[in-house]
file protein.cif (mmCIF, C-alpha atoms)
data_query
loop_
_atom_site.label_atom_id
_atom_site.label_comp_id
_atom_site.auth_asym_id
_atom_site.auth_seq_id
_atom_site.Cartn_x
_atom_site.Cartn_y
_atom_site.Cartn_z
CA MET A 1 -11.10 -5.23 33.75
CA ASP A 2 -11.98 -7.68 31.00
CA ASP A 3 -13.29 -11.09 32.07
CA ASP A 4 -10.36 -12.79 30.36
CA GLY A 5 -8.08 -11.29 33.04
CA LEU A 6 -4.58 -9.96 33.05
CA ALA A 7 -3.23 -13.47 33.67
CA ALA A 8 -4.13 -14.52 30.12
CA PRO A 9 -1.19 -15.17 27.75
CA ALA A 10 0.08 -12.30 25.64
CA ASP A 11 -0.52 -14.49 22.58
CA PHE A 12 -4.22 -14.44 23.44
CA ALA A 13 -4.17 -10.65 23.47
CA LEU A 14 -2.40 -10.58 20.10
CA SER A 15 -5.06 -12.84 18.55
CA ALA A 16 -7.83 -10.69 20.05
CA TRP A 17 -6.23 -7.53 18.65
CA LEU A 18 -5.90 -8.98 15.16
CA ASP A 19 -9.51 -10.21 15.28
CA HIS A 20 -10.55 -6.69 16.29
CA LEU A 21 -8.64 -5.16 13.37
CA ALA A 22 -10.11 -7.67 10.94
CA GLY A 23 -13.70 -7.50 12.14
CA GLU A 24 -14.21 -3.91 13.20
CA LYS A 25 -11.49 -2.03 11.34
CA ARG A 26 -11.64 -4.26 8.25
CA TYR A 27 -7.89 -4.20 7.73
CA SER A 28 -6.55 -6.17 4.77
CA ALA A 29 -5.06 -9.64 5.14
CA ASN A 30 -1.61 -8.31 4.23
CA THR A 31 -1.77 -5.60 6.90
CA LEU A 32 -2.92 -8.09 9.53
CA GLU A 33 -0.13 -10.47 8.61
CA SER A 34 2.43 -7.67 8.89
CA TYR A 35 1.14 -6.48 12.29
CA GLY A 36 0.99 -10.03 13.62
CA ARG A 37 4.52 -10.80 12.47
CA ASP A 38 5.91 -7.62 14.02
CA VAL A 39 4.33 -8.15 17.43
CA GLU A 40 5.05 -11.88 17.43
CA GLY A 41 8.71 -11.05 16.88
CA PHE A 42 8.61 -8.81 19.93
CA LEU A 43 6.97 -11.52 22.05
CA ASP A 44 9.51 -14.10 20.84
CA LEU A 45 12.37 -11.89 21.96
CA GLN A 46 10.82 -11.49 25.40
CA LEU A 47 10.49 -15.28 25.60
CA SER A 48 14.18 -15.76 24.78
CA HIS A 49 15.17 -13.18 27.41
CA LYS A 50 12.83 -14.23 30.20
CA GLY A 51 12.49 -17.95 29.52
CA SER A 52 8.69 -18.07 29.50
CA ARG A 53 5.76 -16.70 27.55
CA MET A 54 4.48 -13.38 28.85
CA THR A 55 1.08 -12.66 30.32
CA ILE A 56 -0.96 -9.58 29.55
CA ALA A 57 -0.05 -8.17 32.95
CA ALA A 58 3.66 -8.70 32.28
CA LEU A 59 3.41 -6.61 29.12
CA GLY A 60 2.44 -3.64 31.28
CA ALA A 61 5.45 -4.19 33.56
CA LEU A 62 8.05 -3.83 30.80
CA LYS A 63 10.49 -0.92 31.03
CA ILE A 64 11.81 1.41 28.38
CA ALA A 65 15.05 -0.63 28.37
CA ASP A 66 13.09 -3.71 27.25
CA PHE A 67 11.70 -1.90 24.22
CA ARG A 68 15.06 -0.37 23.35
CA ALA A 69 16.68 -3.80 23.58
CA TRP A 70 14.10 -5.16 21.15
CA LEU A 71 14.79 -2.39 18.63
CA ALA A 72 18.54 -2.88 19.06
CA ASP A 73 18.10 -6.59 18.31
CA ARG A 74 16.14 -5.76 15.17
CA ARG A 75 18.83 -3.28 14.16
CA ARG A 76 21.54 -5.91 14.57
CA THR A 77 19.67 -8.19 12.16
CA GLY A 78 19.89 -5.48 9.50
CA ALA A 79 16.52 -3.75 9.86
CA SER A 80 16.44 -0.33 8.21
CA PRO A 81 15.18 2.81 10.00
CA ARG A 82 11.97 2.51 7.97
CA SER A 83 11.46 -1.09 9.14
CA LEU A 84 12.25 -0.14 12.75
CA ALA A 85 9.65 2.64 12.57
CA ARG A 86 7.11 0.15 11.25
CA TYR A 87 7.88 -2.36 14.03
CA LEU A 88 7.41 0.37 16.60
CA SER A 89 4.16 1.51 15.03
CA SER A 90 2.79 -2.04 15.09
CA LEU A 91 3.70 -2.47 18.75
CA ARG A 92 2.18 0.88 19.68
CA GLY A 93 -1.07 -0.12 18.02
CA PHE A 94 -1.04 -3.36 20.01
CA TYR A 95 -0.39 -1.54 23.28
CA ALA A 96 -3.15 0.98 22.57
CA TYR A 97 -5.53 -1.98 22.31
CA LEU A 98 -4.14 -3.49 25.53
CA GLU A 99 -4.78 -0.21 27.34
CA ARG A 100 -8.36 0.11 26.08
CA ARG A 101 -9.34 -3.49 26.85
CA TRP A 102 -7.25 -4.44 29.88
CA GLY A 103 -5.95 -1.14 31.22
CA VAL A 104 -2.35 -2.11 30.51
CA ASP A 105 0.13 0.72 31.06
CA GLY A 106 2.07 1.44 27.88
CA SER A 107 3.74 4.66 29.03
CA ALA A 108 7.23 3.15 28.83
CA LEU A 109 6.72 2.38 25.16
CA GLY A 110 5.59 5.95 24.60
CA LEU A 111 9.02 7.16 25.73
CA VAL A 112 10.81 5.28 22.95
CA GLU A 113 11.73 7.63 20.09
CA THR A 114 10.75 6.64 16.57
CA PRO A 115 13.82 6.22 14.34
CA LYS A 116 14.18 8.98 11.80
CA VAL A 117 13.20 7.75 8.36
CA PRO A 118 14.78 9.44 5.34
CA ARG A 119 12.12 11.01 3.17
CA SER A 120 11.81 9.19 -0.12
CA LEU A 121 10.02 10.69 -3.09
CA PRO A 122 7.74 8.66 -5.36
CA ARG A 123 9.36 7.57 -8.61
CA PRO A 124 6.70 8.10 -11.29
CA MET A 125 7.06 6.98 -14.87
CA SER A 126 7.10 9.41 -17.76
CA ALA A 127 3.93 9.72 -19.80
CA ASP A 128 5.66 7.99 -22.74
CA ASP A 129 6.85 5.07 -20.60
CA ALA A 130 3.40 4.61 -19.09
CA ARG A 131 1.82 4.67 -22.54
CA GLN A 132 4.35 2.17 -23.92
CA MET A 133 3.83 -0.19 -21.01
CA ILE A 134 0.07 -0.18 -21.51
CA GLU A 135 0.35 -0.62 -25.28
CA GLU A 136 2.85 -3.46 -24.87
CA THR A 137 0.19 -5.64 -23.20
CA GLY A 138 -1.25 -6.35 -26.65
CA ALA A 139 2.12 -7.09 -28.29
CA ARG A 140 2.74 -10.34 -26.37
CA ASP A 141 1.76 -13.83 -27.42
CA LYS A 142 -1.26 -14.02 -25.13
CA PRO A 143 -4.96 -14.83 -25.64
CA ASP A 144 -6.96 -11.76 -26.58
CA TRP A 145 -8.90 -11.75 -23.31
CA ILE A 146 -5.70 -11.87 -21.25
CA ALA A 147 -4.22 -8.97 -23.22
CA ALA A 148 -7.45 -7.00 -22.76
CA ARG A 149 -7.49 -7.80 -19.05
CA ASP A 150 -3.88 -6.68 -18.57
CA GLU A 151 -4.50 -3.45 -20.45
CA SER A 152 -7.57 -2.83 -18.28
CA VAL A 153 -5.64 -3.36 -15.04
CA LEU A 154 -2.85 -0.96 -16.00
CA LEU A 155 -5.31 1.66 -17.21
CA LEU A 156 -7.22 1.46 -13.92
CA LEU A 157 -3.95 2.20 -12.12
CA TYR A 158 -2.75 4.95 -14.44
CA GLY A 159 -6.04 6.37 -15.72
CA CYS A 160 -7.93 6.31 -12.40
CA GLY A 161 -5.08 6.37 -9.89
CA LEU A 162 -6.27 3.21 -8.14
CA ARG A 163 -4.17 1.09 -5.80
CA ILE A 164 -3.66 -2.50 -6.97
CA GLY A 165 -6.02 -3.81 -4.31
CA GLU A 166 -8.70 -1.29 -5.31
CA ALA A 167 -8.52 -2.30 -8.97
CA LEU A 168 -8.63 -6.02 -8.13
CA ALA A 169 -11.61 -5.45 -5.82
CA LEU A 170 -13.86 -4.57 -8.75
CA LYS A 171 -16.89 -6.85 -8.99
CA GLY A 172 -19.00 -7.91 -11.91
CA GLY A 173 -21.69 -5.62 -10.56
CA ASP A 174 -19.42 -2.63 -11.22
CA LEU A 175 -19.52 -3.38 -14.95
CA PRO A 176 -19.97 -1.78 -17.36
CA LEU A 177 -18.03 1.14 -15.95
CA GLY A 178 -19.76 4.50 -16.02
CA GLU A 179 -18.24 7.96 -16.01
CA MET A 180 -17.70 7.73 -12.23
CA LEU A 181 -16.58 4.77 -10.13
CA ARG A 182 -17.14 4.33 -6.40
CA VAL A 183 -13.92 3.02 -4.87
CA THR A 184 -13.43 1.64 -1.37
CA GLY A 185 -9.91 2.37 -0.20
CA LYS A 186 -7.88 2.18 2.99
CA GLY A 187 -9.89 2.20 6.20
CA GLN A 188 -13.01 1.33 4.18
CA LYS A 189 -13.26 4.95 3.05
CA THR A 190 -15.12 5.43 -0.21
CA ARG A 191 -14.46 8.00 -2.89
CA MET A 192 -15.75 8.76 -6.37
CA VAL A 193 -13.22 8.59 -9.19
CA PRO A 194 -13.80 9.80 -12.78
CA VAL A 195 -13.32 7.09 -15.41
CA LEU A 196 -11.72 8.12 -18.69
CA SER A 197 -13.28 6.85 -21.90
CA ALA A 198 -10.06 4.94 -22.67
CA VAL A 199 -10.45 3.04 -19.39
CA ARG A 200 -14.15 2.33 -20.01
CA GLU A 201 -13.44 1.06 -23.52
CA ALA A 202 -10.60 -1.21 -22.39
CA VAL A 203 -12.67 -2.74 -19.59
CA ALA A 204 -15.66 -3.17 -21.94
CA ARG A 205 -13.42 -5.02 -24.40
CA TYR A 206 -12.11 -7.27 -21.65
CA THR A 207 -15.67 -7.95 -20.46
CA SER A 208 -16.76 -8.97 -23.97
CA LEU A 209 -13.81 -11.35 -24.38
CA CYS A 210 -13.60 -12.85 -20.88
CA PRO A 211 -14.58 -16.56 -21.06
CA PHE A 212 -15.91 -16.60 -17.49
CA GLU A 213 -19.26 -15.42 -16.16
CA LEU A 214 -18.79 -12.14 -14.33
CA ALA A 215 -21.53 -12.44 -11.72
CA PRO A 216 -22.41 -9.26 -9.78
CA ASP A 217 -20.70 -10.40 -6.56
CA ALA A 218 -17.78 -12.17 -8.28
CA PRO A 219 -14.37 -10.63 -9.04
CA ALA A 220 -14.40 -8.73 -12.32
CA LEU A 221 -10.72 -9.36 -13.14
CA ARG A 222 -9.97 -13.04 -13.54
CA ALA A 223 -6.86 -15.20 -13.59
CA ILE A 224 -6.28 -17.64 -16.43
CA ARG A 225 -8.20 -20.46 -14.68
CA GLY A 226 -11.09 -18.28 -13.67
CA GLY A 227 -10.14 -17.36 -10.11
CA ALA A 228 -9.60 -13.83 -8.91
CA LEU A 229 -6.59 -12.07 -10.38
CA GLY A 230 -4.01 -11.47 -7.62
CA SER A 231 -1.61 -8.64 -6.91
CA ARG A 232 1.43 -10.85 -7.53
CA ALA A 233 0.19 -11.53 -11.04
CA VAL A 234 -0.03 -7.78 -11.67
CA GLN A 235 3.48 -7.29 -10.29
CA ALA A 236 4.74 -10.10 -12.53
CA LEU A 237 3.00 -8.46 -15.48
CA THR A 238 4.76 -5.13 -14.99
CA ALA A 239 8.08 -6.92 -14.45
CA GLU A 240 7.64 -8.67 -17.81
CA LEU A 241 6.64 -5.45 -19.58
CA ARG A 242 9.49 -3.35 -18.21
CA SER A 243 11.92 -6.10 -19.23
CA ARG A 244 10.53 -6.07 -22.77
CA LEU A 245 10.73 -2.27 -22.93
CA GLY A 246 14.00 -1.79 -21.08
CA LEU A 247 12.39 0.26 -18.32
CA PRO A 248 13.95 0.67 -14.86
CA ALA A 249 13.03 -1.50 -11.88
CA SER A 250 11.05 1.46 -10.50
CA ALA A 251 8.40 0.89 -13.21
CA THR A 252 6.02 -0.97 -10.91
CA PRO A 253 2.22 -1.07 -10.62
CA HIS A 254 2.34 1.55 -7.87
CA ALA A 255 4.54 3.74 -10.08
CA LEU A 256 1.56 4.01 -12.44
CA ARG A 257 -0.51 5.44 -9.58
CA HIS A 258 2.35 7.83 -8.79
CA SER A 259 2.40 8.80 -12.45
CA PHE A 260 -1.35 9.48 -12.40
CA ALA A 261 -0.86 12.00 -9.57
CA THR A 262 2.30 13.60 -10.91
CA HIS A 263 0.97 14.02 -14.44
CA LEU A 264 -2.27 15.55 -13.12
CA LEU A 265 -0.27 18.02 -11.08
CA ALA A 266 1.93 18.86 -14.07
CA GLY A 267 -1.23 19.46 -16.12
CA GLY A 268 -2.56 22.02 -13.67
CA GLY A 269 -4.46 19.85 -11.17
CA ASP A 270 -4.65 21.20 -7.63
CA LEU A 271 -3.46 19.22 -4.62
CA ARG A 272 -6.84 19.07 -2.90
CA THR A 273 -8.48 17.47 -5.92
CA ILE A 274 -5.62 15.03 -6.37
CA GLN A 275 -5.87 14.17 -2.67
CA GLU A 276 -9.53 13.24 -3.13
CA LEU A 277 -8.84 11.22 -6.27
CA LEU A 278 -6.06 9.24 -4.58
CA GLY A 279 -8.03 8.70 -1.39
CA HIS A 280 -5.35 10.19 0.87
CA ALA A 281 -6.57 10.88 4.41
CA SER A 282 -4.11 13.76 4.80
CA LEU A 283 -3.02 16.44 2.38
CA SER A 284 0.57 15.92 3.55
CA SER A 285 0.53 12.53 1.81
CA THR A 286 -0.37 14.27 -1.46
CA GLN A 287 2.06 17.17 -1.10
CA ILE A 288 4.97 14.84 -1.77
CA TYR A 289 3.97 14.91 -5.45
CA ALA A 290 4.50 18.66 -5.47
CA ALA A 291 8.09 17.98 -4.42
CA VAL A 292 8.49 15.48 -7.25
CA GLU A 293 7.14 17.94 -9.81
CA GLY A 294 9.19 20.76 -8.32
CA ASP A 295 12.38 18.73 -8.64
CA ARG A 296 11.53 17.92 -12.25
CA LEU A 297 10.85 21.56 -13.12
CA ALA A 298 14.08 22.63 -11.43
CA ALA A 299 16.01 20.08 -13.48
CA VAL A 300 14.37 21.24 -16.71
CA HIS A 301 15.10 24.86 -15.82
CA ALA A 302 18.74 24.12 -15.03
CA ALA A 303 19.19 22.27 -18.31
CA ALA A 304 17.34 24.75 -20.54
CA HIS A 305 17.77 28.26 -19.16
CA PRO A 306 20.70 30.09 -20.75
CA ARG A 307 21.77 31.74 -17.48
CA ALA A 308 21.77 28.35 -15.70
CA ARG A 309 24.55 27.01 -17.92
CA ARG A 310 28.05 27.09 -16.54
CA HIS A 311 30.90 28.22 -18.78
#

call {"tool": "encode", "arguments": {"input": "protein.cif", "output": "structure tokens"}}
result
Amino acid sequence: MDDDGLAAPADFALSAWLDHLAGEKRYSANTLESYGRDVEGFLDLQLSHKGSRMTIAALGALKIADFRAWLADRRRTGASPRSLARYLSSLRGFYAYLERRWGVDGSALGLVETPKVPRSLPRPMSADDARQMIEETGARDKPDWIAARDESVLLLLYGCGLRIGEALALKGGDLPLGEMLRVTGKGQKTRMVPVLSAVREAVARYTSLCPFELAPDAPALRAIRGGALGSRAVQALTAELRSRLGLPASATPHALRHSFATHLLAGGGDLRTIQELLGHASLSSTQIYAAVEGDRLAAVHAAAHPRARRH
């Protein structure tokens, strides 16, 4: 048993778990915030039901009915099946930590069924829409270095298949970009990604125009006042561009990454290679793009094949 004892507050255990995820697992701040919010919501509900904050020992005494009541409460507030599945996943991660550190029994939680989540396919952009969005960065009334920066960001997403966080994690020491880029993705896993000449040239142009010193350990992509460019700024950028171009709301930064994968697959790329380029831990995560491309091909076939037409 840990020296802290089972009589310690459940809030203490939650803080210890989040510290563990931050320090040893190196989870992102957004992920930690999400996990903390999910579990805190569970603890708050137990407080309202039982009238006092729970101890670590009390967490192990909860029954399956307690967990089902929590999910039912979340459902009444309008949580979707996908959100319910996420809440349950967060709590299971917390209980796995409780079991390892304090020997807390989480078997009752293990009996709770995960809500079925409807499978949703990625919504990639067409090659023309992606090209127009990237080209439109230079058509706005912005300083040249801002336009070059925005073009670089979008090309890193579409040309290299990076996640937003991976693109924004580039440091001055990564510049100038070579033909291959080492990327650190989810779970601190690294992968090598080829860099197209168009991406290298765009980033080189941004580097030459950027008014701030890009020190080796400093962020490579800068905000207008010199701080690190944030993900919300990139989301706002794509929102502005899709408004200018009349693109659908699905034209997001992550849609450019989806487009990277889908267009590679359409061009003859194999799933294993695309899996490595995207940094997916499992091939099943990559296979969803085959479904997207299959649906597109079926639609083209139905529209173009003479025998598919109904008379």

call {"tool": "residues_around", "arguments": {"input": "protein.cif", "residues": "Leu47 (chain A)", "least_positions_apart": "6", "cutoff": "12 Å", "atoms": "all atoms listed in the file", "output": "list of chain:residue names"}}
result
A:Pro9, A:Ala10, A:Asp11, A:Glu40, A:Gly41, A:Arg53, A:Met54, A:Thr55, A:Ala58, A:Leu59, A:Asp66, A:Trp70

call {"tool": "atom_distance", "arguments": {"input": "protein.cif", "atom1": "CA of Arg182 (chain A)", "atom2": "CA of Gly161 (chain A)"}}
result
12.7 Å

call {"tool": "resolve_selection", "arguments": {"input": "protein.cif", "expression": "the PyMOL selection byres ((chain A and resi 162-178) around 6)", "output": "list of chain:residue names"}}
result
A:Leu157, A:Cys160, A:Gly161, A:Glu179, A:Met180, A:Arg200, A:Leu214, A:Ala215, A:Pro216, A:Asp217, A:Ala218, A:Pro219, A:Ala220

call {"tool": "atom_distance", "arguments": {"input": "protein.cif", "atom1": "CA of Thr114 (chain A)", "atom2": "CA of Ala85 (chain A)"}}
result
5.8 Å

call {"tool": "residues_around", "arguments": {"input": "protein.cif", "residues": "Val112 (chain A)", "least_positions_apart": "5", "cutoff": "8 Å", "atoms": "only C-alpha atoms", "output": "MDAnalysis selection string"}}
result
chainID A and resid 64 67:68

call {"tool": "residues_near_point", "arguments": {"input": "protein.cif", "point": "(-0.8, -6.4, -6.7)", "cutoff": "8 Å", "atoms": "only C-alpha atoms", "output": "CSV table (one decimal) with C-alpha atoms, in the frame of the given file"}}
result
chain,number,residue,atom,x,y,z
A,164,ILE,CA,-3.7,-2.5,-7.0
A,165,GLY,CA,-6.0,-3.8,-4.3
A,168,LEU,CA,-8.6,-6.0,-8.1
A,230,GLY,CA,-4.0,-11.5,-7.6
A,231,SER,CA,-1.6,-8.6,-6.9
A,232,ARG,CA,1.4,-10.8,-7.5
A,233,ALA,CA,0.2,-11.5,-11.0
A,234,VAL,CA,0.0,-7.8,-11.7
A,235,GLN,CA,3.5,-7.3,-10.3
A,253,PRO,CA,2.2,-1.1,-10.6

call {"tool": "resolve_selection", "arguments": {"input": "protein.cif", "expression": "the PyMOL selection byres ((chain A and resi 256) around 12)", "output": "ChimeraX atom specification"}}
result
/A:122-134,153-164,234-235,238,250-255,257-263

call {"tool": "residues_near_point", "arguments": {"input": "protein.cif", "point": "(16.3, -8.5, 26.2)", "cutoff": "12 Å", "atoms": "all atoms listed in the file", "output": "PyMOL selection string"}}
result
chain A and resi 42-51+62-74

call {"tool": "decode", "arguments": {"input": "protein.cif", "residues": "region 6-17 of chain A", "atoms": "all heavy atoms", "output": "CSV table (one decimal), in the first residue's frame"}}
result
chain,number,residue,atom,x,y,z
A,6,LEU,N,-5.1,4.8,2.0
A,6,LEU,CA,-6.4,4.8,1.3
A,6,LEU,C,-7.3,5.8,1.9
A,6,LEU,O,-8.4,6.1,1.3
A,6,LEU,CB,-7.0,3.4,1.4
A,6,LEU,CG,-6.3,2.3,0.7
A,6,LEU,CD1,-6.9,0.9,1.0
A,6,LEU,CD2,-6.3,2.5,-0.8
A,7,ALA,N,-7.0,6.4,3.0
A,7,ALA,CA,-7.8,7.4,3.6
A,7,ALA,C,-7.7,8.8,3.0
A,7,ALA,O,-8.4,9.7,3.3
A,7,ALA,CB,-7.6,7.5,5.1
A,8,ALA,N,-6.7,8.9,2.1
A,8,ALA,CA,-6.4,10.2,1.4
A,8,ALA,C,-7.6,10.6,0.5
A,8,ALA,O,-8.4,9.7,0.0
A,8,ALA,CB,-5.2,10.1,0.6
A,9,PRO,N,-7.9,11.9,0.3
A,9,PRO,CA,-9.0,12.3,-0.5
A,9,PRO,C,-8.9,11.8,-2.0
A,9,PRO,O,-7.8,11.7,-2.5
A,9,PRO,CB,-9.0,13.8,-0.4
A,9,PRO,CG,-8.2,14.1,0.8
A,9,PRO,CD,-7.2,13.0,0.9
A,10,ALA,N,-10.0,11.6,-2.6
A,10,ALA,CA,-10.0,11.2,-4.0
A,10,ALA,C,-9.4,12.3,-4.9
A,10,ALA,O,-8.7,12.0,-5.9
A,10,ALA,CB,-11.4,10.9,-4.5
A,11,ASP,N,-9.6,13.5,-4.4
A,11,ASP,CA,-9.0,14.7,-5.2
A,11,ASP,C,-7.5,14.5,-5.2
A,11,ASP,O,-6.8,14.9,-6.2
A,11,ASP,CB,-9.4,16.0,-4.6
A,11,ASP,CG,-10.9,16.3,-4.8
A,11,ASP,OD1,-11.4,15.8,-5.7
A,11,ASP,OD2,-11.4,17.1,-4.0
A,12,PHE,N,-6.9,14.1,-4.1
A,12,PHE,CA,-5.4,13.9,-4.1
A,12,PHE,C,-5.0,12.8,-5.1
A,12,PHE,O,-4.0,13.0,-5.8
A,12,PHE,CB,-5.0,13.4,-2.7
A,12,PHE,CG,-3.6,12.9,-2.6
A,12,PHE,CD1,-2.5,13.8,-2.6
A,12,PHE,CD2,-3.3,11.6,-2.6
A,12,PHE,CE1,-1.2,13.4,-2.5
A,12,PHE,CE2,-2.0,11.1,-2.6
A,12,PHE,CZ,-0.9,12.0,-2.5
A,13,ALA,N,-5.8,11.8,-5.2
A,13,ALA,CA,-5.5,10.7,-6.2
A,13,ALA,C,-5.6,11.2,-7.6
A,13,ALA,O,-4.8,10.9,-8.5
A,13,ALA,CB,-6.4,9.5,-6.0
A,14,LEU,N,-6.6,12.1,-7.9
A,14,LEU,CA,-6.7,12.7,-9.2
A,14,LEU,C,-5.5,13.5,-9.6
A,14,LEU,O,-5.0,13.4,-10.7
A,14,LEU,CB,-8.0,13.5,-9.3
A,14,LEU,CG,-8.3,14.3,-10.6
A,14,LEU,CD1,-8.3,13.3,-11.8
A,14,LEU,CD2,-9.6,15.0,-10.5
A,15,SER,N,-5.1,14.4,-8.6
A,15,SER,CA,-3.9,15.2,-8.9
A,15,SER,C,-2.7,14.3,-9.1
A,15,SER,O,-1.9,14.6,-10.0
A,15,SER,CB,-3.7,16.1,-7.7
A,15,SER,OG,-4.7,17.0,-7.6
A,16,ALA,N,-2.5,13.3,-8.4
A,16,ALA,CA,-1.4,12.4,-8.5
A,16,ALA,C,-1.4,11.7,-9.9
A,16,ALA,O,-0.4,11.6,-10.6
A,16,ALA,CB,-1.4,11.3,-7.4
A,17,TRP,N,-2.6,11.3,-10.3
A,17,TRP,CA,-2.7,10.7,-11.7
A,17,TRP,C,-2.4,11.6,-12.8
A,17,TRP,O,-1.6,11.3,-13.7
A,17,TRP,CB,-4.2,10.2,-11.8
A,17,TRP,CG,-4.4,9.5,-13.1
A,17,TRP,CD1,-3.8,8.5,-13.7
A,17,TRP,CD2,-5.5,9.8,-14.0
A,17,TRP,NE1,-4.3,8.1,-14.9
A,17,TRP,CE2,-5.4,8.9,-15.2
A,17,TRP,CE3,-6.6,10.7,-14.0
A,17,TRP,CZ2,-6.3,9.0,-16.2
A,17,TRP,CZ3,-7.5,10.8,-15.1
A,17,TRP,CH2,-7.3,9.9,-16.2
